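Data from upload_12.cif: mmCIF, C-alpha atoms
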```
data_my_file
loop_
_atom_site.label_atom_id
_atom_site.label_comp_id
_atom_site.auth_asym_id
_atom_site.auth_seq_id
_atom_site.Cartn_x
_atom_site.Cartn_y
_atom_site.Cartn_z
CA MET M 1154 -66.06 -6.56 4.48
CA THR M 1155 -69.74 -6.59 5.28
CA LEU M 1156 -71.97 -4.92 7.80
CA PRO M 1157 -72.89 -5.31 10.56
CA LEU M 1158 -69.48 -5.74 12.16
CA GLN M 1159 -69.13 -9.06 13.95
CA ASN M 1160 -66.49 -7.93 16.43
CA PRO M 1161 -66.60 -4.16 16.79
CA SER M 1162 -63.80 -2.56 18.75
CA PRO M 1163 -64.98 0.96 19.64
CA ASP M 1164 -62.43 3.32 21.07
CA SER M 1165 -64.08 6.56 22.13
CA SER M 1166 -60.83 7.95 23.54
CA GLU M 1167 -59.06 7.52 20.21
CA PHE M 1168 -62.11 8.97 18.42
CA ILE M 1169 -61.88 12.18 20.44
CA ASP M 1170 -58.09 12.33 20.18
CA ILE M 1171 -58.30 12.10 16.37
CA LEU M 1172 -60.86 14.88 16.14
CA MET M 1173 -58.98 17.10 18.55
CA GLY M 1174 -55.73 16.62 16.62
CA ARG M 1175 -53.98 14.80 19.43
CA ARG M 1176 -53.51 11.54 17.54
CA THR M 1177 -53.22 10.25 14.01
CA SER M 1178 -54.65 6.90 12.99
CA ALA M 1179 -54.98 4.77 9.88
CA ARG M 1180 -58.68 4.40 10.47
CA VAL M 1181 -61.15 7.17 9.80
CA PRO M 1182 -63.80 7.36 12.52
CA LEU M 1183 -67.47 7.55 11.68
CA ILE M 1184 -69.75 10.28 12.89
CA GLU M 1185 -73.45 10.87 12.49
CA TYR M 1186 -75.87 13.43 13.83
CA LEU M 1187 -79.11 11.45 13.52
CA VAL M 1188 -80.19 8.19 11.91
CA ASP M 1189 -83.95 8.04 11.46
CA ASP M 1190 -85.84 5.09 12.92
CA VAL M 1191 -87.18 4.33 9.42
CA VAL M 1192 -83.59 3.64 8.29
CA MET M 1193 -82.57 1.98 11.54
CA ARG M 1194 -85.55 -0.38 11.76
CA PRO M 1195 -84.78 -2.72 8.79
CA ILE M 1196 -81.13 -2.89 9.84
CA VAL M 1197 -82.02 -3.81 13.42
CA GLY M 1198 -84.73 -6.25 12.37
CA GLY M 1199 -82.87 -7.70 9.40
CA LEU M 1200 -79.09 -7.51 9.69
CA LEU M 1201 -78.91 -7.46 13.49
CA LEU M 1202 -81.63 -10.10 13.88
CA ARG M 1203 -83.29 -8.24 16.72
CA GLU M 1204 -86.97 -7.53 17.21
CA TRP M 1205 -87.66 -3.89 16.42
CA VAL M 1206 -89.50 -2.13 19.26
CA PRO M 1207 -90.55 1.51 18.79
CA TRP M 1208 -90.18 4.07 21.54
CA GLY M 1209 -93.22 3.86 23.78
CA PRO M 1210 -94.78 5.22 26.95
CA ASP M 1211 -93.70 2.46 29.38
CA ARG M 1212 -90.24 1.74 30.72
CA THR M 1213 -90.08 -1.81 29.36
CA GLN M 1214 -90.69 -0.64 25.80
CA GLN M 1215 -88.28 2.26 26.21
CA LYS M 1216 -85.52 -0.06 27.45
CA ARG M 1217 -86.00 -2.40 24.51
CA TYR M 1218 -85.87 0.52 22.08
CA LEU M 1219 -82.69 1.84 23.69
CA ASP M 1220 -81.06 -1.62 23.66
CA ASN M 1221 -81.66 -1.79 19.91
CA PHE M 1222 -80.44 1.79 19.55
CA VAL M 1223 -77.13 1.00 21.26
CA ASP M 1224 -76.63 -2.21 19.30
CA PHE M 1225 -77.21 -0.36 16.02
CA TRP M 1226 -74.48 2.24 16.68
CA TYR M 1227 -72.18 -0.46 18.03
CA ARG M 1228 -72.54 -2.91 15.15
CA MET M 1229 -72.26 -0.19 12.49
CA GLY M 1230 -68.82 0.62 13.88
CA TYR M 1231 -69.31 3.92 15.67
CA ASP M 1232 -67.24 4.72 18.75
CA PHE M 1233 -70.19 6.34 20.46
CA VAL M 1234 -73.94 6.64 20.70
CA ARG M 1235 -75.35 10.09 19.96
CA TYR M 1236 -78.65 10.89 21.62
CA GLU M 1237 -80.74 14.01 22.10
CA GLN M 1238 -84.06 14.99 23.61
CA SER M 1239 -85.72 18.36 23.98
CA LEU M 1240 -87.39 19.91 26.95
CA PRO M 1241 -91.15 20.14 26.32
CA LEU M 1242 -91.35 23.47 24.49
CA PRO M 1243 -94.76 23.76 22.79
CA GLU M 1244 -94.58 25.05 19.23
CA ARG M 1245 -97.04 25.37 16.37
CA MET M 1246 -96.32 22.70 13.79
CA ASP M 1247 -97.70 21.69 10.41
CA ILE M 1248 -97.91 17.89 10.35
CA ILE M 1249 -98.32 15.54 7.40
CA ALA M 1250 -97.70 11.84 6.82
CA ASP M 1251 -94.09 11.01 5.97
CA ALA M 1252 -93.90 10.14 2.27
CA ALA M 1253 -90.73 8.04 2.61
CA PRO M 1254 -91.22 4.40 1.51
CA GLY M 1255 -91.89 2.15 4.47
CA SER M 1256 -92.48 4.99 6.90
CA ASP M 1257 -95.49 4.99 9.22
CA LYS M 1258 -94.59 8.23 10.97
CA ASP M 1259 -95.46 11.87 10.52
CA ARG M 1260 -93.23 14.76 9.47
CA ALA M 1261 -93.59 18.12 11.15
CA TRP M 1262 -92.57 21.61 10.06
CA PRO M 1263 -92.73 24.71 12.25
CA ASP M 1264 -95.42 27.22 11.39
CA GLU M 1265 -93.37 30.02 9.84
CA HIS M 1266 -96.09 32.68 10.18
CA HIS M 1267 -97.70 32.41 13.63
CA GLY M 1268 -95.85 31.60 16.82
CA MET M 1269 -96.84 30.70 20.34
CA ILE M 1270 -95.20 33.92 21.55
CA GLU M 1271 -96.07 37.11 19.69
CA THR M 1272 -96.70 39.47 22.62
CA TRP M 1273 -95.55 39.94 26.21
CA GLU M 1274 -98.85 38.43 27.31
CA ASP M 1275 -98.02 35.32 25.29
CA PHE M 1276 -94.58 35.21 26.93
CA GLU M 1277 -96.15 35.27 30.40
CA ARG M 1278 -98.74 32.62 29.47
CA TYR M 1279 -96.29 30.30 27.76
CA PRO M 1280 -95.91 26.98 29.67
CA TRP M 1281 -92.18 27.19 30.29
CA PRO M 1282 -90.89 23.78 31.44
CA ARG M 1283 -88.88 23.10 34.57
CA VAL M 1284 -85.62 21.21 34.10
CA GLU M 1285 -85.94 19.62 37.54
CA GLU M 1286 -89.20 17.98 36.43
CA TYR M 1287 -87.78 16.56 33.20
CA ASP M 1288 -87.38 12.79 32.80
CA PHE M 1289 -83.73 12.02 31.95
CA PHE M 1290 -84.34 8.26 31.99
CA ALA M 1291 -83.12 7.64 28.41
CA PHE M 1292 -79.83 9.45 29.05
CA GLU M 1293 -79.32 7.56 32.30
CA TYR M 1294 -80.10 4.19 30.72
CA LEU M 1295 -77.73 4.74 27.81
CA ASN M 1296 -74.96 5.87 30.15
CA SER M 1297 -75.15 2.58 32.04
CA HIS M 1298 -75.67 0.23 29.07
CA LEU M 1299 -72.84 1.02 26.65
CA PRO M 1300 -70.44 -1.67 25.42
CA GLU M 1301 -66.85 -1.40 26.55
CA GLY M 1302 -65.00 1.31 24.66
CA MET M 1303 -68.06 3.26 23.57
CA GLY M 1304 -68.86 6.78 24.72
CA LEU M 1305 -71.91 8.99 24.84
CA ILE M 1306 -72.41 12.12 22.75
CA LEU M 1307 -75.40 14.07 24.04
CA SER M 1308 -77.24 17.32 23.53
CA HIS M 1309 -80.46 19.14 24.02
CA GLY M 1310 -82.75 18.59 21.04
CA GLY M 1311 -82.63 21.90 19.15
CA GLY M 1312 -80.63 25.01 19.94
CA VAL M 1313 -81.58 28.45 21.17
CA PHE M 1314 -81.99 29.90 17.69
CA GLU M 1315 -84.02 26.98 16.38
CA HIS M 1316 -86.44 27.04 19.30
CA LEU M 1317 -86.64 30.81 19.09
CA THR M 1318 -87.78 30.58 15.46
CA TRP M 1319 -90.17 27.74 16.29
CA ILE M 1320 -91.77 29.40 19.31
CA MET M 1321 -92.06 32.86 17.76
CA SER M 1322 -92.23 31.63 14.12
CA LEU M 1323 -89.66 32.85 11.65
CA GLU M 1324 -91.92 35.61 10.38
CA GLY M 1325 -92.86 36.61 13.90
CA LEU M 1326 -89.23 36.67 14.97
CA SER M 1327 -88.27 38.82 11.98
CA ASN M 1328 -90.95 41.37 12.81
CA ALA M 1329 -90.23 41.31 16.53
CA LEU M 1330 -86.53 41.98 16.00
CA PHE M 1331 -87.56 45.47 14.86
CA GLU M 1332 -90.83 46.02 16.75
CA THR M 1333 -90.25 44.34 20.14
CA PRO M 1334 -86.54 43.41 20.40
CA ASP M 1335 -86.79 43.16 24.18
CA LEU M 1336 -89.36 40.37 23.77
CA VAL M 1337 -87.01 38.49 21.45
CA ARG M 1338 -84.15 38.80 23.91
CA ALA M 1339 -86.31 37.72 26.84
CA THR M 1340 -87.46 34.64 24.92
CA ALA M 1341 -83.94 33.75 23.79
CA ASP M 1342 -82.57 34.22 27.30
CA ARG M 1343 -85.32 32.10 28.85
CA LEU M 1344 -84.48 29.33 26.38
CA GLY M 1345 -80.77 29.68 27.08
CA GLU M 1346 -81.21 29.45 30.84
CA LEU M 1347 -83.34 26.33 30.47
CA MET M 1348 -80.67 24.73 28.31
CA ILE M 1349 -78.00 25.67 30.85
CA GLY M 1350 -79.91 23.62 33.40
CA PHE M 1351 -80.32 20.78 30.93
CA TYR M 1352 -76.59 20.69 30.16
CA ARG M 1353 -75.69 20.75 33.85
CA THR M 1354 -77.49 17.43 34.16
CA ILE M 1355 -76.11 15.65 31.10
CA LEU M 1356 -72.56 16.82 31.80
CA GLU M 1357 -72.65 14.69 34.93
CA PHE M 1358 -72.76 11.39 33.00
CA ASP M 1359 -69.47 9.56 33.29
CA ARG M 1360 -69.55 8.04 29.77
CA LEU M 1361 -70.00 11.43 28.10
CA ILE M 1362 -67.26 12.14 25.54
CA ALA M 1363 -68.66 15.19 23.69
CA VAL M 1364 -71.54 17.65 23.52
CA PHE M 1365 -72.91 17.90 19.99
CA PRO M 1366 -75.98 20.12 19.62
CA GLY M 1367 -77.77 21.25 16.49
CA ASP M 1368 -78.79 24.83 15.86
CA ASP M 1369 -79.60 25.62 12.23
CA MET M 1370 -78.85 29.29 11.63
CA GLY M 1371 -78.60 29.63 7.85
CA TYR M 1372 -80.31 29.46 4.50
CA ARG M 1373 -78.43 28.25 1.46
CA SER M 1374 -77.48 31.86 0.68
CA ALA M 1375 -76.86 33.51 4.08
CA THR M 1376 -77.63 33.46 7.79
CA MET M 1377 -81.35 33.49 8.63
CA ILE M 1378 -81.05 36.73 10.55
CA SER M 1379 -78.13 39.13 10.43
CA PRO M 1380 -74.77 37.97 11.77
CA GLN M 1381 -74.89 40.89 14.21
CA GLN M 1382 -78.20 39.68 15.63
CA LEU M 1383 -76.89 36.13 15.98
CA ARG M 1384 -73.82 37.48 17.78
CA SER M 1385 -76.08 39.29 20.18
CA LEU M 1386 -78.85 36.75 20.75
CA THR M 1387 -77.67 33.18 20.34
CA LEU M 1388 -73.90 32.87 20.03
CA PRO M 1389 -73.34 33.97 23.66
CA TRP M 1390 -75.41 30.96 24.73
CA HIS M 1391 -73.33 28.61 22.61
CA LYS M 1392 -70.27 30.15 24.21
CA ARG M 1393 -71.64 29.30 27.64
CA PHE M 1394 -72.58 25.76 26.60
CA ALA M 1395 -69.11 25.26 25.10
CA ALA M 1396 -67.45 26.57 28.25
CA MET M 1397 -69.48 24.12 30.33
CA ALA M 1398 -68.39 21.24 28.10
CA HIS M 1399 -64.76 22.33 28.20
CA SER M 1400 -64.83 22.66 31.98
CA ARG M 1401 -65.98 19.03 32.05
CA GLY M 1402 -63.06 18.14 29.75
CA VAL M 1403 -65.10 17.25 26.65
CA PRO M 1404 -65.27 18.95 23.23
CA TYR M 1405 -68.18 20.97 21.91
CA PHE M 1406 -69.18 20.13 18.32
CA LEU M 1407 -71.84 22.09 16.45
CA HIS M 1408 -74.29 20.99 13.76
CA SER M 1409 -75.65 24.00 11.91
CA CYS M 1410 -77.22 23.94 8.46
CA GLY M 1411 -77.05 26.70 5.91
CA LYS M 1412 -74.46 29.25 4.91
CA ILE M 1413 -73.03 30.47 8.19
CA LEU M 1414 -69.55 31.44 6.98
CA ALA M 1415 -70.21 35.01 8.13
CA ILE M 1416 -70.11 33.81 11.75
CA MET M 1417 -67.52 31.04 11.48
CA GLU M 1418 -64.77 33.18 12.97
CA ASP M 1419 -67.08 33.95 15.91
CA LEU M 1420 -67.84 30.26 16.35
CA ILE M 1421 -64.18 29.27 16.30
CA SER M 1422 -62.49 32.14 18.14
CA ASP M 1423 -65.20 33.31 20.53
CA VAL M 1424 -67.60 30.40 21.07
CA GLU M 1425 -64.66 27.98 20.74
CA ILE M 1426 -66.41 25.11 18.99
CA ASP M 1427 -64.19 22.09 18.43
CA GLY M 1428 -65.82 20.78 15.27
CA LYS M 1429 -68.36 21.73 12.61
CA HIS M 1430 -71.03 19.46 11.14
CA SER M 1431 -73.53 19.90 8.32
CA PHE M 1432 -72.20 20.50 4.85
CA GLU M 1433 -73.96 20.99 1.55
CA ASP M 1434 -71.98 21.00 -1.69
CA ALA M 1435 -74.05 23.90 -3.03
CA ILE M 1436 -72.85 26.03 -0.09
CA ILE M 1437 -69.33 24.80 0.58
CA PRO M 1438 -68.11 21.21 0.18
CA ALA M 1439 -66.41 19.73 3.22
CA PRO M 1440 -62.95 19.63 1.57
CA GLU M 1441 -63.17 23.34 0.77
CA PHE M 1442 -64.25 24.09 4.33
CA GLN M 1443 -61.36 22.01 5.60
CA LYS M 1444 -58.90 24.10 3.60
CA LEU M 1445 -60.20 27.20 5.37
CA TYR M 1446 -60.66 25.95 8.92
CA GLY M 1447 -59.44 22.36 9.22
CA ASN M 1448 -56.22 23.34 11.02
CA ARG M 1449 -58.35 24.85 13.82
CA ILE M 1450 -61.41 22.63 14.22
CA ALA M 1451 -62.56 19.15 13.23
CA VAL M 1452 -64.53 18.62 10.03
CA LEU M 1453 -67.41 16.24 10.64
CA GLY M 1454 -69.16 14.30 7.88
CA GLY M 1455 -69.73 15.91 4.52
CA LEU M 1456 -71.43 13.45 2.13
CA ASP M 1457 -74.02 15.65 0.44
CA LEU M 1458 -77.54 14.54 1.31
CA ASN M 1459 -78.65 14.82 -2.32
CA ILE M 1460 -76.16 12.08 -3.18
CA LEU M 1461 -76.88 10.00 -0.10
CA SER M 1462 -80.64 10.10 -0.67
CA GLY M 1463 -80.93 10.28 -4.45
CA GLY M 1464 -77.77 8.70 -5.84
CA SER M 1465 -77.09 5.08 -6.67
CA VAL M 1466 -75.06 2.83 -4.39
CA GLU M 1467 -72.16 3.33 -6.80
CA ASP M 1468 -72.57 7.12 -6.55
CA VAL M 1469 -72.51 6.93 -2.77
CA ARG M 1470 -69.41 4.74 -2.72
CA ARG M 1471 -67.57 6.96 -5.20
CA GLU M 1472 -68.38 10.21 -3.40
CA THR M 1473 -67.63 8.73 0.02
CA LEU M 1474 -64.22 7.58 -1.21
CA HIS M 1475 -63.60 11.00 -2.75
CA LEU M 1476 -64.33 12.70 0.57
CA LEU M 1477 -62.10 10.28 2.44
CA GLU M 1478 -59.20 10.80 0.03
CA MET M 1479 -59.60 14.57 0.19
CA CYS M 1480 -60.16 15.03 3.93
CA ALA M 1481 -58.78 12.11 5.91
CA PRO M 1482 -55.06 12.69 5.20
CA HIS M 1483 -55.26 16.11 6.87
CA GLY M 1484 -56.51 14.68 10.17
CA ARG M 1485 -59.25 15.93 12.48
CA TYR M 1486 -61.84 14.34 10.20
CA ALA M 1487 -64.72 11.92 10.73
CA ALA M 1488 -66.79 10.50 7.88
CA GLY M 1489 -70.55 10.57 7.60
CA SER M 1490 -73.46 12.36 6.02
CA GLY M 1491 -73.40 16.07 5.35
CA ASN M 1492 -76.53 16.52 7.44
CA SER M 1493 -78.17 13.41 8.91
CA VAL M 1494 -79.74 10.16 7.72
CA PRO M 1495 -83.45 11.00 7.35
CA SER M 1496 -86.23 8.56 6.57
CA TYR M 1497 -85.96 8.99 2.79
CA VAL M 1498 -82.34 7.79 2.56
CA PRO M 1499 -82.27 4.27 1.08
CA VAL M 1500 -80.89 1.79 3.58
CA VAL M 1501 -78.47 0.40 0.97
CA ASN M 1502 -77.03 3.89 0.45
CA TYR M 1503 -76.50 4.44 4.15
CA LEU M 1504 -74.78 1.05 4.45
CA ALA M 1505 -72.61 1.80 1.43
CA MET M 1506 -71.37 5.04 3.00
CA VAL M 1507 -70.53 3.33 6.28
CA GLU M 1508 -68.94 0.30 4.66
CA GLU M 1509 -66.79 2.39 2.30
CA THR M 1510 -65.40 4.25 5.32
CA HIS M 1511 -64.45 1.01 7.05
CA ILE M 1512 -62.83 -0.34 3.88
CA TYR M 1513 -60.79 2.83 3.43
CA GLY M 1514 -59.40 2.59 6.96
CA ARG M 1515 -58.47 -1.07 6.56
CA LYS M 1516 -56.48 -0.34 3.40
CA LYS M 1517 -54.20 2.13 5.16
#
```

Go ahead and express the file in the form of structure tokens.
Amino acid sequence: MTLPLQNPSPDSSEFIDILMGRRTSARVPLIEYLVDDVVMRPIVGGLLLREWVPWGPDRTQQKRYLDNFVDFWYRMGYDFVRYEQSLPLPERMDIIADAAPGSDKDRAWPDEHHGMIETWEDFERYPWPRVEEYDFFAFEYLNSHLPEGMGLILSHGGGVFEHLTWIMSLEGLSNALFETPDLVRATADRLGELMIGFYRTILEFDRLIAVFPGDDMGYRSATMISPQQLRSLTLPWHKRFAAMAHSRGVPYFLHSCGKILAIMEDLISDVEIDGKHSFEDAIIPAPEFQKLYGNRIAVLGGLDLNILSGGSVEDVRRETLHLLEMCAPHGRYAAGSGNSVPSYVPVVNYLAMVEETHIYGRKK
């Protein structure tokens, strides 16, 4: 078979049933957290024969971008479109030109040493956004322009912990946890309340099939702050977001990078996540994670980004097939990257991963 698919047949209901353990299927669904525009652009402009239009300031340009966005997910064979945006939360960033071949964009990293909020005065001066003033146009447009059978997977861009480390800086947060813990809690709670308002809005969309936020909480070796502090500051917010999703009748998946095994029981039993995404072989390969938790939550993706970005097409095909053979027979599994598809992933490698998944399902 070749991509793009000529006659996709998305089935978002089956997709969710498979991941929730309610149905078995010969096919293995695809899942992805993000696909960078740098990877998407040559596929849209080349394989899909559509004119690439970047996101822009006017509605016409935004609609054209979103039309391409939907067609990309559809023709690659996903059962859904995943989309996220963040409330405008100013943060200090270090910005350089993206070094990926063919990229004309910038890459940004949070300033790890100096945050926008370091004192109570900073907290009071910070330009906290208002959810009621936020433009949800992209979410609304996607909800009303999906092909039959497709669903929407939405989230706020960045979780409470991520934005906490970006607004206060990681160094500033670490110091404040000991020197001004009340300031840390106030900042985390303000972020959480804003996201509650954000999720109230997106949970109203009728094509929504899952909430799937990202909140990176770990290094390769351990959680970024102590598990106890995460249990106190950020996991209660995930519990509230998950409860909101469940009350709407949709699952709550979580993308979180790093070694967060110390809080996995909290995430499963207390927060009640329905699936875990982001796997790195150096931490715990997806099949090993599945052995520990796969009878309780879905395992999402798992192809190590080092292979996806730096391996050959043959490497990608071999490792994708290995993952499928190890994980798919146990159910509650969707194939995809272990993290996301950033700008430096070769397009041929991304296509090989997706195509190998389709081939595997057709052989069953």

Report the residues retrieved by the PyMOL selection byres ((chain M and resi 1431-1445) around 9) from the displayed file, expressed as a ChimeraX atom specification.
/M:1186,1373-1374,1407-1412,1429-1430,1446-1459,1476,1479-1480,1483,1486,1490-1493

Residue selection dump (C-alpha atoms) as an mmCIF file, keeping the file's coordinate frame:
```cif
data_model
loop_
_atom_site.group_PDB
_atom_site.id
_atom_site.type_symbol
_atom_site.label_atom_id
_atom_site.label_comp_id
_atom_site.auth_asym_id
_atom_site.auth_seq_id
_atom_site.Cartn_x
_atom_site.Cartn_y
_atom_site.Cartn_z
ATOM 1 C CA TYR M 1186 -75.870 13.430 13.830
ATOM 2 C CA ARG M 1373 -78.430 28.250 1.460
ATOM 3 C CA SER M 1374 -77.480 31.860 0.680
ATOM 4 C CA LEU M 1407 -71.840 22.090 16.450
ATOM 5 C CA HIS M 1408 -74.290 20.990 13.760
ATOM 6 C CA SER M 1409 -75.650 24.000 11.910
ATOM 7 C CA CYS M 1410 -77.220 23.940 8.460
ATOM 8 C CA GLY M 1411 -77.050 26.700 5.910
ATOM 9 C CA LYS M 1412 -74.460 29.250 4.910
ATOM 10 C CA LYS M 1429 -68.360 21.730 12.610
ATOM 11 C CA HIS M 1430 -71.030 19.460 11.140
ATOM 12 C CA TYR M 1446 -60.660 25.950 8.920
ATOM 13 C CA GLY M 1447 -59.440 22.360 9.220
ATOM 14 C CA ASN M 1448 -56.220 23.340 11.020
ATOM 15 C CA ARG M 1449 -58.350 24.850 13.820
ATOM 16 C CA ILE M 1450 -61.410 22.630 14.220
ATOM 17 C CA ALA M 1451 -62.560 19.150 13.230
ATOM 18 C CA VAL M 1452 -64.530 18.620 10.030
ATOM 19 C CA LEU M 1453 -67.410 16.240 10.640
ATOM 20 C CA GLY M 1454 -69.160 14.300 7.880
ATOM 21 C CA GLY M 1455 -69.730 15.910 4.520
ATOM 22 C CA LEU M 1456 -71.430 13.450 2.130
ATOM 23 C CA ASP M 1457 -74.020 15.650 0.440
ATOM 24 C CA LEU M 1458 -77.540 14.540 1.310
ATOM 25 C CA ASN M 1459 -78.650 14.820 -2.320
ATOM 26 C CA LEU M 1476 -64.330 12.700 0.570
ATOM 27 C CA MET M 1479 -59.600 14.570 0.190
ATOM 28 C CA CYS M 1480 -60.160 15.030 3.930
ATOM 29 C CA HIS M 1483 -55.260 16.110 6.870
ATOM 30 C CA TYR M 1486 -61.840 14.340 10.200
ATOM 31 C CA SER M 1490 -73.460 12.360 6.020
ATOM 32 C CA GLY M 1491 -73.400 16.070 5.350
ATOM 33 C CA ASN M 1492 -76.530 16.520 7.440
ATOM 34 C CA SER M 1493 -78.170 13.410 8.910
#
```

Result set, the PyMOL selection byres ((chain M and resi 1401) around 10) on current file, as a list in words:
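Taken over the shown coordinates, the PyMOL selection byres ((chain M and resi 1401) around 10) returns Leu1356, Glu1357, Leu1361, Ile1362, Ala1363, Ala1395, Ala1396, Met1397, Ala1398, His1399, Ser1400, Gly1402, Val1403 and Pro1404 of chain M.
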
Here is a test: counting all atoms listed in the file, which residue of M:Ala1291, M:Val1234, M:Leu1158, M:Met1321 is nearest to Gly1209 in chain M?
M:Ala1291

Applying the PyMOL selection byres ((chain M and resi 1376) around 12) to the file I just gave you, which residues come out? Please list them as a ChimeraX atom specification.
/M:1314,1368-1375,1377-1384,1409-1417,1436

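Our summary of the geometry notes that CA of Asp1247 in chain M is positioned 10.1 Å from CA of Asp1259 in chain M.
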
Computed interatomic separation between CA of Arg1194 in chain M and CA of Ala1252 in chain M (Å)
16.4 Å

Contacts of range 1183-1282 of chain M with range 1331-1346 of chain M up to 9 Å, shortest pair per row, only C-alpha atoms, as a tab-separated table:
```
residue	atom	partner	partner_atom	distance
M:Ile1270	CA	M:Thr1340	CA	8.5
M:Glu1271	CA	M:Leu1336	CA	8.5
M:Thr1272	CA	M:Leu1336	CA	7.5
M:Trp1273	CA	M:Leu1336	CA	6.7
M:Phe1276	CA	M:Thr1340	CA	7.4
M:Trp1281	CA	M:Arg1343	CA	8.6
```

Can you write just those residues out, C-alpha atoms, as a tab-separated table (two decimals), in the frame of the given file?
```
chain	number	residue	atom	x	y	z
M	1270	ILE	CA	-95.20	33.92	21.55
M	1271	GLU	CA	-96.07	37.11	19.69
M	1272	THR	CA	-96.70	39.47	22.62
M	1273	TRP	CA	-95.55	39.94	26.21
M	1276	PHE	CA	-94.58	35.21	26.93
M	1281	TRP	CA	-92.18	27.19	30.29
```

With range 1164-1178 of chain M as the partner and 9 Å as the cut-off, tabulate the residues of range 1240-1316 of chain M that qualify, each row holding the nearest pair of atoms and their distance in Å to one decimal, using all atoms listed in the file, sorted by chain and rising number, as CSV.
```
residue,atom,partner,partner_atom,distance
M:Glu1301,CA,M:Asp1164,CA,8.5
M:Gly1302,CA,M:Asp1164,CA,4.9
M:Met1303,CA,M:Ser1165,CA,5.4
M:Gly1304,CA,M:Ser1165,CA,5.4
M:Leu1305,CA,M:Ser1165,CA,8.6
```

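For the pair CA of Tyr1294 in chain M and CA of Asp1189 in chain M, the separation is 20.0 Å.
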
In terms of the shortest atom-to-atom distance over all atoms listed in the file, which of M:Ser1256, M:Leu1295, M:Glu1315, M:Ser1239 is closest to Phe1222 in chain M?
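With all atoms listed in the file as the atom set, the closest residue is M:Leu1295.
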
Rank M:Leu1242, M:Ile1184, M:Val1197, M:Val1192 by their smallest atom-to-atom distance to Tyr1279 in chain M, using only C-alpha atoms, and report the top residue only.
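Between M:Leu1242, M:Ile1184, M:Val1197, M:Val1192, the residue approaching Tyr1279 in chain M most closely is M:Leu1242.
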